[in-house]
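S.K.: If it helps, the file is called data_19.csv and holds CSV, C-alpha atoms:
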```csv
chain,number,residue,atom,x,y,z
A,1115,ASP,CA,148.7,82.9,106.9
A,1116,ASP,CA,152.5,82.4,106.7
A,1117,ALA,CA,153.1,86.1,106.8
A,1118,ILE,CA,150.8,86.6,109.8
A,1119,SER,CA,152.5,83.7,111.6
A,1120,LEU,CA,155.9,85.3,110.8
A,1121,ARG,CA,154.8,88.6,112.1
A,1122,ASN,CA,153.5,87.0,115.3
A,1123,ARG,CA,156.8,85.1,115.8
A,1124,LYS,CA,159.2,87.9,114.8
A,1125,ILE,CA,157.4,90.9,116.1
A,1126,LYS,CA,154.4,90.5,118.3
A,1127,GLN,CA,155.8,87.7,120.5
A,1128,PRO,CA,159.2,89.3,121.0
A,1129,LEU,CA,157.5,92.6,121.7
A,1130,ALA,CA,155.3,91.0,124.3
A,1131,ASP,CA,158.4,89.3,125.8
A,1132,ALA,CA,160.2,92.7,125.9
A,1133,ARG,CA,157.3,94.3,127.7
A,1134,LYS,CA,157.0,91.4,130.2
A,1135,THR,CA,160.8,91.5,130.9
A,1136,ALA,CA,160.7,95.3,131.2
A,1137,LYS,CA,157.8,95.1,133.7
A,1138,ALA,CA,159.7,92.4,135.7
A,1139,LEU,CA,162.9,94.4,135.7
A,1140,LYS,CA,161.1,97.6,136.7
A,1141,SER,CA,159.5,95.9,139.7
A,1142,LYS,CA,162.6,94.0,140.8
A,1143,LEU,CA,165.2,96.6,140.0
A,1144,ALA,CA,163.8,99.8,141.4
A,1145,ALA,CA,167.2,101.4,141.0
A,1146,VAL,CA,167.3,100.9,137.2
A,1147,SER,CA,163.6,101.2,136.5
A,1148,LYS,CA,164.0,104.7,135.1
A,1149,ALA,CA,166.6,103.4,132.6
A,1150,VAL,CA,164.5,100.4,131.7
A,1151,GLY,CA,161.5,102.6,131.3
A,1152,ALA,CA,163.4,104.9,129.0
A,1153,GLU,CA,164.7,101.9,126.9
A,1154,LEU,CA,161.2,100.4,126.4
A,1155,PRO,CA,159.9,103.1,124.0
A,1156,LEU,CA,163.0,102.7,121.9
A,1157,ILE,CA,162.4,98.9,121.8
A,1158,GLU,CA,158.8,99.4,120.9
A,1159,ALA,CA,159.7,102.0,118.2
A,1160,ALA,CA,162.2,99.5,116.7
A,1161,TRP,CA,159.7,96.7,116.6
A,1162,ALA,CA,157.1,99.1,115.2
A,1163,ASP,CA,159.5,99.9,112.3
A,1164,ALA,CA,159.9,96.2,111.7
A,1165,ALA,CA,156.2,95.7,111.7
A,1166,GLY,CA,155.8,98.6,109.3
A,1167,ALA,CA,157.7,96.6,106.7
A,1168,ILE,CA,155.5,93.6,106.7
A,1169,THR,CA,152.0,94.8,107.8
A,1170,PRO,CA,151.2,96.7,104.6
A,1171,ARG,CA,152.0,93.6,102.6
A,1172,ILE,CA,149.7,91.5,104.8
A,1173,ASP,CA,146.9,94.0,104.5
A,1174,ALA,CA,147.3,94.2,100.7
A,1175,ALA,CA,147.2,90.4,100.4
A,1176,GLN,CA,144.2,90.2,102.7
A,1177,LYS,CA,142.4,92.8,100.6
A,1178,VAL,CA,143.1,90.8,97.4
A,1179,LEU,CA,141.6,87.7,99.2
A,1180,ASP,CA,138.6,89.7,100.5
A,1181,ASP,CA,138.0,91.2,97.0
A,1182,ALA,CA,138.1,87.8,95.4
A,1183,LYS,CA,135.7,86.4,98.0
A,1184,GLU,CA,133.3,89.3,97.4
A,1185,ALA,CA,133.5,88.9,93.6
A,1186,ALA,CA,132.8,85.2,94.0
A,1187,ARG,CA,129.9,85.9,96.3
A,1188,LEU,CA,128.4,88.4,93.8
A,1189,LYS,CA,128.9,86.0,90.9
A,1190,GLU,CA,127.1,83.2,92.9
A,1191,GLN,CA,124.3,85.6,93.8
A,1192,ALA,CA,123.8,86.6,90.2
A,1193,ARG,CA,123.7,83.0,89.1
A,1194,GLN,CA,121.0,82.1,91.7
A,1195,ASP,CA,119.1,85.3,90.9
A,1196,ALA,CA,119.1,84.3,87.2
A,1197,HIS,CA,117.5,81.0,88.0
A,1198,ARG,CA,115.0,82.5,90.3
A,1199,THR,CA,114.0,85.1,87.6
A,1200,ALA,CA,113.6,82.3,85.1
A,1201,ILE,CA,111.3,80.4,87.5
A,1202,ALA,CA,109.3,83.5,88.1
A,1203,SER,CA,108.9,83.9,84.4
A,1204,ILE,CA,107.4,80.4,84.2
A,1205,ARG,CA,104.9,81.2,86.9
A,1206,GLN,CA,104.1,84.5,85.3
A,1207,TYR,CA,102.2,82.6,82.5
A,1208,LEU,CA,99.3,82.0,84.9
A,1209,PRO,CA,98.5,85.7,85.9
A,1210,TYR,CA,98.9,86.6,82.3
A,1211,SER,CA,96.4,83.9,81.3
A,1212,GLN,CA,94.0,85.2,84.0
A,1213,ARG,CA,93.6,88.6,82.3
A,1214,ALA,CA,90.0,89.5,81.3
A,1215,ASP,CA,90.9,89.9,77.6
A,1216,MET,CA,92.4,86.4,77.3
A,1217,THR,CA,90.6,84.0,74.9
A,1218,ALA,CA,90.7,80.3,74.9
A,1219,ALA,CA,92.9,80.4,71.8
A,1220,ARG,CA,95.4,82.7,73.4
A,1221,ILE,CA,95.5,80.6,76.5
A,1222,ALA,CA,96.1,77.5,74.4
A,1223,LYS,CA,98.9,79.3,72.6
A,1224,GLY,CA,100.5,80.1,76.0
A,1225,ILE,CA,100.2,76.5,77.1
A,1226,GLU,CA,101.9,75.3,73.9
A,1227,THR,CA,104.7,77.8,74.4
A,1228,LEU,CA,105.2,76.8,78.1
A,1229,GLU,CA,105.2,73.1,77.2
A,1230,GLN,CA,108.1,73.7,74.9
A,1231,ALA,CA,110.1,75.6,77.6
A,1232,SER,CA,113.0,73.6,79.0
A,1233,THR,CA,113.5,73.0,82.7
A,1234,GLY,CA,116.5,70.7,82.3
A,1235,PRO,CA,120.0,70.6,83.8
A,1236,GLU,CA,120.6,74.2,82.9
A,1237,PHE,CA,118.7,75.1,86.1
A,1238,GLU,CA,121.3,73.3,88.1
A,1239,GLU,CA,120.2,72.9,91.8
A,1240,PHE,CA,117.0,74.8,90.9
A,1241,GLN,CA,115.9,72.1,88.3
A,1242,GLN,CA,113.3,70.5,90.6
A,1243,GLU,CA,111.8,73.8,91.6
A,1244,ALA,CA,111.6,74.9,87.9
A,1245,THR,CA,110.0,71.6,86.9
A,1246,GLN,CA,107.4,71.9,89.7
A,1247,ALA,CA,106.7,75.5,88.7
A,1248,LYS,CA,106.1,74.5,85.1
A,1249,ALA,CA,103.8,71.5,86.0
A,1250,GLU,CA,101.7,73.6,88.5
A,1251,THR,CA,101.4,76.5,86.0
A,1252,LEU,CA,100.4,74.2,83.1
A,1253,ALA,CA,97.8,72.5,85.3
A,1254,ALA,CA,96.3,75.9,86.3
A,1255,MET,CA,96.4,77.2,82.7
A,1256,GLN,CA,94.6,74.0,81.4
A,1257,ALA,CA,91.8,74.6,83.9
A,1258,LEU,CA,91.5,78.2,82.7
A,1259,HIS,CA,91.5,77.0,79.1
A,1260,ALA,CA,88.6,74.7,79.8
A,1261,GLN,CA,86.7,77.4,81.6
A,1262,ALA,CA,87.3,79.8,78.7
A,1263,VAL,CA,86.1,77.3,76.1
A,1264,SER,CA,82.9,76.7,78.1
A,1265,ARG,CA,82.4,80.4,78.6
A,1266,GLU,CA,83.0,81.3,74.9
A,1267,ALA,CA,80.7,78.5,73.8
A,1268,GLU,CA,77.9,79.9,76.0
A,1269,ALA,CA,78.6,83.4,74.8
A,1270,ALA,CA,78.4,82.1,71.2
A,1271,ARG,CA,75.1,80.4,71.9
A,1272,ILE,CA,73.6,83.5,73.5
A,1273,GLU,CA,74.8,85.6,70.6
A,1274,ALA,CA,73.2,83.2,68.1
A,1275,GLN,CA,70.0,83.3,70.0
A,1276,ARG,CA,70.1,87.1,70.1
A,1277,LEU,CA,70.6,87.2,66.3
A,1278,GLU,CA,67.8,84.7,65.8
A,1279,ASN,CA,65.5,86.8,68.0
A,1280,GLU,CA,66.4,89.9,66.0
A,1281,ARG,CA,65.8,88.1,62.8
A,1282,GLN,CA,62.4,86.9,63.9
A,1283,ALA,CA,61.5,90.4,65.3
A,1284,ALA,CA,62.5,91.9,61.9
A,1285,GLU,CA,60.3,89.4,60.1
A,1286,LEU,CA,57.4,90.2,62.4
A,1287,ALA,CA,57.9,93.9,61.9
A,1288,LYS,CA,58.0,93.4,58.2
A,1289,ALA,CA,54.8,91.3,58.2
A,1290,ARG,CA,53.1,93.9,60.4
A,1291,LYS,CA,54.1,96.7,58.1
A,1292,GLU,CA,52.8,94.6,55.1
A,1293,LEU,CA,49.5,94.0,57.0
A,1294,GLU,CA,49.2,97.6,57.9
A,1295,ALA,CA,49.9,98.6,54.3
A,1296,GLN,CA,47.3,96.1,53.1
A,1297,ALA,CA,44.8,97.4,55.7
A,1298,ALA,CA,45.5,101.0,54.6
A,1299,ALA,CA,44.9,100.0,50.9
A,1300,VAL,CA,41.6,98.3,51.8
A,1301,ARG,CA,40.5,101.3,53.8
A,1302,ALA,CA,41.5,103.6,50.9
A,1303,GLN,CA,39.6,101.3,48.4
A,1304,ALA,CA,36.5,101.3,50.7
A,1305,ALA,CA,36.7,105.0,51.1
A,1306,GLU,CA,36.9,105.4,47.3
A,1307,LEU,CA,34.0,103.0,46.8
A,1308,ASP,CA,32.0,104.9,49.4
A,1309,ARG,CA,32.8,108.2,47.7
A,1310,GLN,CA,31.8,106.8,44.3
A,1311,ARG,CA,28.6,105.5,45.9
A,1312,ARG,CA,27.8,108.8,47.4
A,1313,GLU,CA,28.6,110.5,44.1
A,1314,ALA,CA,26.3,108.2,42.2
A,1315,GLU,CA,23.5,108.7,44.7
A,1316,ARG,CA,23.9,112.5,44.5
A,1317,ALA,CA,24.0,112.4,40.7
A,1318,LYS,CA,20.9,110.1,40.7
A,1319,ALA,CA,19.1,112.5,43.1
A,1320,GLU,CA,19.8,115.4,40.8
A,1321,GLU,CA,18.7,113.5,37.8
A,1322,ASP,CA,15.5,112.6,39.6
A,1323,GLN,CA,14.9,116.2,40.6
A,1324,ARG,CA,15.4,117.3,37.0
A,1325,LYS,CA,12.9,114.7,35.8
```
As structure tokens, please, write out the structure in this file.

M.R.:
Amino acid sequence: DDAISLRNRKIKQPLADARKTAKALKSKLAAVSKAVGAELPLIEAAWADAAGAITPRIDAAQKVLDDAKEAARLKEQARQDAHRTAIASIRQYLPYSQRADMTAARIAKGIETLEQASTGPEFEEFQQEATQAKAETLAAMQALHAQAVSREAEAARIEAQRLENERQAAELAKARKELEAQAAAVRAQAAELDRQRREAERAKAEEDQRK
């Protein structure tokens, strides 16, 4: 700022005064306007040389300031982005728990892990947002856990009923096979008795015929 002020006082303002004076002289002193007009470029060139000595230093200093401001802006942006990423990671627990392959036990493990996650002062001005994200995510996960427990209990009941039905069906099939085997044995025994009876009758008829 001091350098810019110095340039204004020592270069720009005197140059503006010179132009103003030259213009006034050219209008009032028509006779010497040509000489004044010829002198003005020399004056401007002299002041341009003077400005050339200080302007690069001002520009260089301004670049240092601009670079520092940009570095600070990027650093601040990175800090905020890191907090937002951490908050997004907290909220990511919920869609992960909503996956079709998630069991009640795995959801409970996720709840335990999230409960241990800190949302303290390290979040700086984002602490309230992080705390709220954690509370909302835990509430939703606990509801999912209750649903999963109920769903798995019903599935276990259905599976137990299926196994019991299969057991009873197997016992009925076994009993039916045993009855069929017994019936087959009875039929075979009856057939054998019938054969023996017919054989005895035939033998008796032959014996009667011989007699």

S.K.: Work out how far apart atom CA of Asp1116 of chain A and atom CA of Ala1167 of chain A are and give it in Å to one decimal.

M.R.: 15.1 Å

S.K.: Between A:Gln1275, A:Val1300, A:Met1255, A:Leu1129, which has the minimum distance to Thr1227 of chain A (counting all atoms listed in the file)?

M.R.: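 Once distances to Thr1227 of chain A are computed over all atoms listed in the file, the minimum belongs to A:Met1255.
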
S.K.: For Ile1125 of chain A, list every protein, DNA or RNA residue within 8 Å, evaluated using only C-alpha atoms, and leave out those in the same chain fewer than 4 positions away; present the list as a PDB file with C-alpha atoms, keeping the file's coordinate frame.

M.R.:
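Okay, around.pdb is ready:
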```
ATOM      1  CA  LEU A1120     155.900  85.300 110.800  1.00  0.00           C
ATOM      2  CA  ARG A1121     154.800  88.600 112.100  1.00  0.00           C
ATOM      3  CA  LEU A1129     157.500  92.600 121.700  1.00  0.00           C
ATOM      4  CA  TRP A1161     159.700  96.700 116.600  1.00  0.00           C
ATOM      5  CA  ALA A1164     159.900  96.200 111.700  1.00  0.00           C
ATOM      6  CA  ALA A1165     156.200  95.700 111.700  1.00  0.00           C
TER       7      ALA A1165
END
```

S.K.: Work out how far apart atom CA of Asp1195 of chain A and atom CA of Phe1240 of chain A are and give it in Å to one decimal.

M.R.: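 We find that atom CA of Asp1195 of chain A and atom CA of Phe1240 of chain A lie 10.7 Å from each other.
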
S.K.: As an exercise, work out the distance from atom CA of Lys1124 of chain A to atom CA of Ser1141 of chain A in Å and give it to one decimal place.

M.R.: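 Those two atoms sit 26.2 Å apart.
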
S.K.: Point out the residue among A:Leu1208, A:Leu1252, A:Ile1157, A:Ala1132 with the least atom-to-atom distance to Glu1226 of chain A, counting all atoms listed in the file.

M.R.: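 Using all atoms listed in the file, Glu1226 of chain A sits closest to A:Leu1252.
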
S.K.: Can you check which parts of segment 1154-1223 of chain A lie within 10 Å of segment 1133-1139 of chain A? Per residue, the shortest pair of atoms and distance in Å to one decimal, counting all atoms listed in the file, sorted by chain and number, as JSON lines.

M.R.:
```
{"residue": "A:Leu1154", "atom": "CA", "partner": "A:Ala1136", "partner_atom": "CA", "distance": 7.0}
{"residue": "A:Pro1155", "atom": "CA", "partner": "A:Arg1133", "partner_atom": "CA", "distance": 9.9}
{"residue": "A:Ile1157", "atom": "CA", "partner": "A:Arg1133", "partner_atom": "CA", "distance": 9.1}
{"residue": "A:Glu1158", "atom": "CA", "partner": "A:Arg1133", "partner_atom": "CA", "distance": 8.6}
```

S.K.: Which residue, A:Ala1159, A:Ala1249, A:Ala1270, A:Ala1289, has the smallest gap to Ile1204 of chain A when you use all atoms listed in the file?

M.R.: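 Smallest separation from Ile1204 of chain A among the options: A:Ala1249.
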
S.K.: Check which residues of segment 1182-1228 of chain A sit at most 12 Å from segment 1172-1177 of chain A using all atoms listed in the file, and return one row each with the closest pair of atoms and their distance in Å to one decimal, ordered by chain and rising number, as a tab-separated table.

M.R.:
```
residue	atom	partner	partner_atom	distance
A:Ala1182	CA	A:Lys1177	CA	8.4
A:Lys1183	CA	A:Lys1177	CA	9.6
A:Glu1184	CA	A:Lys1177	CA	10.3
A:Ala1185	CA	A:Lys1177	CA	12.0
```

S.K.: In terms of the shortest atom-to-atom distance over only C-alpha atoms, which of A:Arg1205, A:Ile1168, A:Lys1140, A:His1259 is closest to Asn1122 of chain A?

M.R.: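 Once distances to Asn1122 of chain A are computed over only C-alpha atoms, the minimum belongs to A:Ile1168.
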
S.K.: Contacts of Ala1257 of chain A at 12 Å or less, counting only C-alpha atoms, minus same-chain residues fewer than 5 places along, as a PyMOL selection string?

M.R.: chain A and resi 1208+1211-1212+1218+1221-1222+1225+1250-1252+1262-1264

S.K.: Residues of the last selection are to be written out with C-alpha atoms, as a PDB file, keeping the file's coordinate frame.

M.R.:
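Output file again07.pdb follows:
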```pdb
ATOM      1  CA  LEU A1208      99.300  82.000  84.900  1.00  0.00           C
ATOM      2  CA  SER A1211      96.400  83.900  81.300  1.00  0.00           C
ATOM      3  CA  GLN A1212      94.000  85.200  84.000  1.00  0.00           C
ATOM      4  CA  ALA A1218      90.700  80.300  74.900  1.00  0.00           C
ATOM      5  CA  ILE A1221      95.500  80.600  76.500  1.00  0.00           C
ATOM      6  CA  ALA A1222      96.100  77.500  74.400  1.00  0.00           C
ATOM      7  CA  ILE A1225     100.200  76.500  77.100  1.00  0.00           C
ATOM      8  CA  GLU A1250     101.700  73.600  88.500  1.00  0.00           C
ATOM      9  CA  THR A1251     101.400  76.500  86.000  1.00  0.00           C
ATOM     10  CA  LEU A1252     100.400  74.200  83.100  1.00  0.00           C
ATOM     11  CA  ALA A1262      87.300  79.800  78.700  1.00  0.00           C
ATOM     12  CA  VAL A1263      86.100  77.300  76.100  1.00  0.00           C
ATOM     13  CA  SER A1264      82.900  76.700  78.100  1.00  0.00           C
TER      14      SER A1264
END
```

S.K.: Using 10 Å as the limit and counting all atoms listed in the file, can you tabulate each residue of segment 1231-1309 of chain A that touches segment 1190-1194 of chain A, with its shortest atom-to-atom distance in Å and the two atoms involved, as a Markdown table?

M.R.:
```
| residue | atom | partner | partner_atom | distance |
| --- | --- | --- | --- | --- |
| A:Phe1237 | CA | A:Gln1194 | CA | 9.3 |
| A:Glu1238 | CA | A:Gln1194 | CA | 9.5 |
| A:Glu1239 | CA | A:Gln1194 | CA | 9.2 |
| A:Phe1240 | CA | A:Gln1194 | CA | 8.4 |
```

S.K.: Rank nothing, just name the residue among A:Leu1179, A:Ala1149, A:Ala1317, A:Ala1196 nearest to Asp1115 of chain A, using all atoms listed in the file.

M.R.: A:Leu1179

S.K.: Mind rebuilding segment 1121-1132 of chain A with all heavy atoms and writing that out as a PDB file, in the coordinates of the input?

M.R.:
```
ATOM      1  N   ARG A1121     154.868  87.390 111.369  1.00  0.00           N
ATOM      2  CA  ARG A1121     154.800  88.600 112.100  1.00  0.00           C
ATOM      3  C   ARG A1121     154.584  88.321 113.630  1.00  0.00           C
ATOM      4  O   ARG A1121     155.157  89.002 114.495  1.00  0.00           O
ATOM      5  CB  ARG A1121     153.600  89.478 111.609  1.00  0.00           C
ATOM      6  CG  ARG A1121     153.429  90.797 112.346  1.00  0.00           C
ATOM      7  CD  ARG A1121     152.320  91.630 111.760  1.00  0.00           C
ATOM      8  NE  ARG A1121     151.036  90.958 111.860  1.00  0.00           N
ATOM      9  CZ  ARG A1121     149.878  91.475 111.410  1.00  0.00           C
ATOM     10  NH1 ARG A1121     149.880  92.659 110.809  1.00  0.00           N
ATOM     11  NH2 ARG A1121     148.760  90.809 111.539  1.00  0.00           N
ATOM     12  N   ASN A1122     153.763  87.330 113.921  1.00  0.00           N
ATOM     13  CA  ASN A1122     153.500  87.000 115.300  1.00  0.00           C
ATOM     14  C   ASN A1122     154.857  86.504 115.980  1.00  0.00           C
ATOM     15  O   ASN A1122     155.168  86.862 117.121  1.00  0.00           O
ATOM     16  CB  ASN A1122     152.492  85.877 115.428  1.00  0.00           C
ATOM     17  CG  ASN A1122     151.097  86.405 115.111  1.00  0.00           C
ATOM     18  OD1 ASN A1122     150.854  87.602 115.239  1.00  0.00           O
ATOM     19  ND2 ASN A1122     150.196  85.524 114.707  1.00  0.00           N
ATOM     20  N   ARG A1123     155.617  85.647 115.234  1.00  0.00           N
ATOM     21  CA  ARG A1123     156.800  85.100 115.800  1.00  0.00           C
ATOM     22  C   ARG A1123     157.983  86.096 115.905  1.00  0.00           C
ATOM     23  O   ARG A1123     158.741  86.101 116.866  1.00  0.00           O
ATOM     24  CB  ARG A1123     157.281  83.872 114.985  1.00  0.00           C
ATOM     25  CG  ARG A1123     156.374  82.653 115.152  1.00  0.00           C
ATOM     26  CD  ARG A1123     156.886  81.430 114.413  1.00  0.00           C
ATOM     27  NE  ARG A1123     156.711  81.551 112.949  1.00  0.00           N
ATOM     28  CZ  ARG A1123     157.690  81.788 112.105  1.00  0.00           C
ATOM     29  NH1 ARG A1123     158.932  81.931 112.550  1.00  0.00           N
ATOM     30  NH2 ARG A1123     157.457  81.884 110.800  1.00  0.00           N
ATOM     31  N   LYS A1124     158.079  86.956 114.874  1.00  0.00           N
ATOM     32  CA  LYS A1124     159.200  87.900 114.800  1.00  0.00           C
ATOM     33  C   LYS A1124     158.975  89.226 115.424  1.00  0.00           C
ATOM     34  O   LYS A1124     159.929  89.959 115.704  1.00  0.00           O
ATOM     35  CB  LYS A1124     159.636  88.042 113.328  1.00  0.00           C
ATOM     36  CG  LYS A1124     160.112  86.756 112.648  1.00  0.00           C
ATOM     37  CD  LYS A1124     161.377  86.202 113.315  1.00  0.00           C
ATOM     38  CE  LYS A1124     161.909  84.986 112.552  1.00  0.00           C
ATOM     39  NZ  LYS A1124     163.134  84.441 113.217  1.00  0.00           N
ATOM     40  N   ILE A1125     157.702  89.574 115.605  1.00  0.00           N
ATOM     41  CA  ILE A1125     157.400  90.900 116.100  1.00  0.00           C
ATOM     42  C   ILE A1125     156.555  90.934 117.320  1.00  0.00           C
ATOM     43  O   ILE A1125     156.976  91.388 118.393  1.00  0.00           O
ATOM     44  CB  ILE A1125     156.742  91.750 114.947  1.00  0.00           C
ATOM     45  CG1 ILE A1125     157.680  91.889 113.750  1.00  0.00           C
ATOM     46  CG2 ILE A1125     156.325  93.127 115.459  1.00  0.00           C
ATOM     47  CD1 ILE A1125     157.052  92.523 112.539  1.00  0.00           C
ATOM     48  N   LYS A1126     155.345  90.395 117.187  1.00  0.00           N
ATOM     49  CA  LYS A1126     154.400  90.500 118.300  1.00  0.00           C
ATOM     50  C   LYS A1126     154.877  89.746 119.539  1.00  0.00           C
ATOM     51  O   LYS A1126     154.811  90.266 120.663  1.00  0.00           O
ATOM     52  CB  LYS A1126     153.026  90.022 117.855  1.00  0.00           C
ATOM     53  CG  LYS A1126     152.359  90.965 116.877  1.00  0.00           C
ATOM     54  CD  LYS A1126     150.925  90.547 116.604  1.00  0.00           C
ATOM     55  CE  LYS A1126     150.239  91.563 115.708  1.00  0.00           C
ATOM     56  NZ  LYS A1126     148.825  91.195 115.440  1.00  0.00           N
ATOM     57  N   GLN A1127     155.350  88.505 119.368  1.00  0.00           N
ATOM     58  CA  GLN A1127     155.800  87.700 120.500  1.00  0.00           C
ATOM     59  C   GLN A1127     157.037  88.319 121.177  1.00  0.00           C
ATOM     60  O   GLN A1127     157.085  88.478 122.396  1.00  0.00           O
ATOM     61  CB  GLN A1127     156.006  86.263 120.130  1.00  0.00           C
ATOM     62  CG  GLN A1127     156.297  85.347 121.319  1.00  0.00           C
ATOM     63  CD  GLN A1127     155.155  85.354 122.327  1.00  0.00           C
ATOM     64  OE1 GLN A1127     153.995  85.213 121.960  1.00  0.00           O
ATOM     65  NE2 GLN A1127     155.486  85.553 123.605  1.00  0.00           N
ATOM     66  N   PRO A1128     158.069  88.661 120.399  1.00  0.00           N
ATOM     67  CA  PRO A1128     159.200  89.300 121.000  1.00  0.00           C
ATOM     68  C   PRO A1128     158.864  90.619 121.712  1.00  0.00           C
ATOM     69  O   PRO A1128     159.412  90.944 122.758  1.00  0.00           O
ATOM     70  CB  PRO A1128     160.181  89.541 119.844  1.00  0.00           C
ATOM     71  CG  PRO A1128     159.818  88.483 118.865  1.00  0.00           C
ATOM     72  CD  PRO A1128     158.341  88.334 118.981  1.00  0.00           C
ATOM     73  N   LEU A1129     157.938  91.368 121.112  1.00  0.00           N
ATOM     74  CA  LEU A1129     157.500  92.600 121.700  1.00  0.00           C
ATOM     75  C   LEU A1129     156.819  92.354 123.056  1.00  0.00           C
ATOM     76  O   LEU A1129     157.060  93.040 124.063  1.00  0.00           O
ATOM     77  CB  LEU A1129     156.579  93.361 120.771  1.00  0.00           C
ATOM     78  CG  LEU A1129     156.026  94.700 121.288  1.00  0.00           C
ATOM     79  CD1 LEU A1129     157.168  95.661 121.640  1.00  0.00           C
ATOM     80  CD2 LEU A1129     155.123  95.335 120.225  1.00  0.00           C
ATOM     81  N   ALA A1130     155.963  91.330 123.060  1.00  0.00           N
ATOM     82  CA  ALA A1130     155.300  91.000 124.300  1.00  0.00           C
ATOM     83  C   ALA A1130     156.311  90.518 125.350  1.00  0.00           C
ATOM     84  O   ALA A1130     156.210  90.860 126.546  1.00  0.00           O
ATOM     85  CB  ALA A1130     154.256  89.886 124.046  1.00  0.00           C
ATOM     86  N   ASP A1131     157.338  89.758 124.906  1.00  0.00           N
ATOM     87  CA  ASP A1131     158.400  89.300 125.800  1.00  0.00           C
ATOM     88  C   ASP A1131     159.164  90.506 126.382  1.00  0.00           C
ATOM     89  O   ASP A1131     159.508  90.559 127.582  1.00  0.00           O
ATOM     90  CB  ASP A1131     159.341  88.359 125.132  1.00  0.00           C
ATOM     91  CG  ASP A1131     158.655  87.037 124.766  1.00  0.00           C
ATOM     92  OD1 ASP A1131     157.582  86.756 125.369  1.00  0.00           O
ATOM     93  OD2 ASP A1131     159.171  86.304 123.888  1.00  0.00           O
ATOM     94  N   ALA A1132     159.415  91.462 125.500  1.00  0.00           N
ATOM     95  CA  ALA A1132     160.200  92.700 125.900  1.00  0.00           C
ATOM     96  C   ALA A1132     159.361  93.419 126.990  1.00  0.00           C
ATOM     97  O   ALA A1132     159.913  93.891 127.995  1.00  0.00           O
ATOM     98  CB  ALA A1132     160.469  93.541 124.751  1.00  0.00           C
TER      99      ALA A1132
END
```
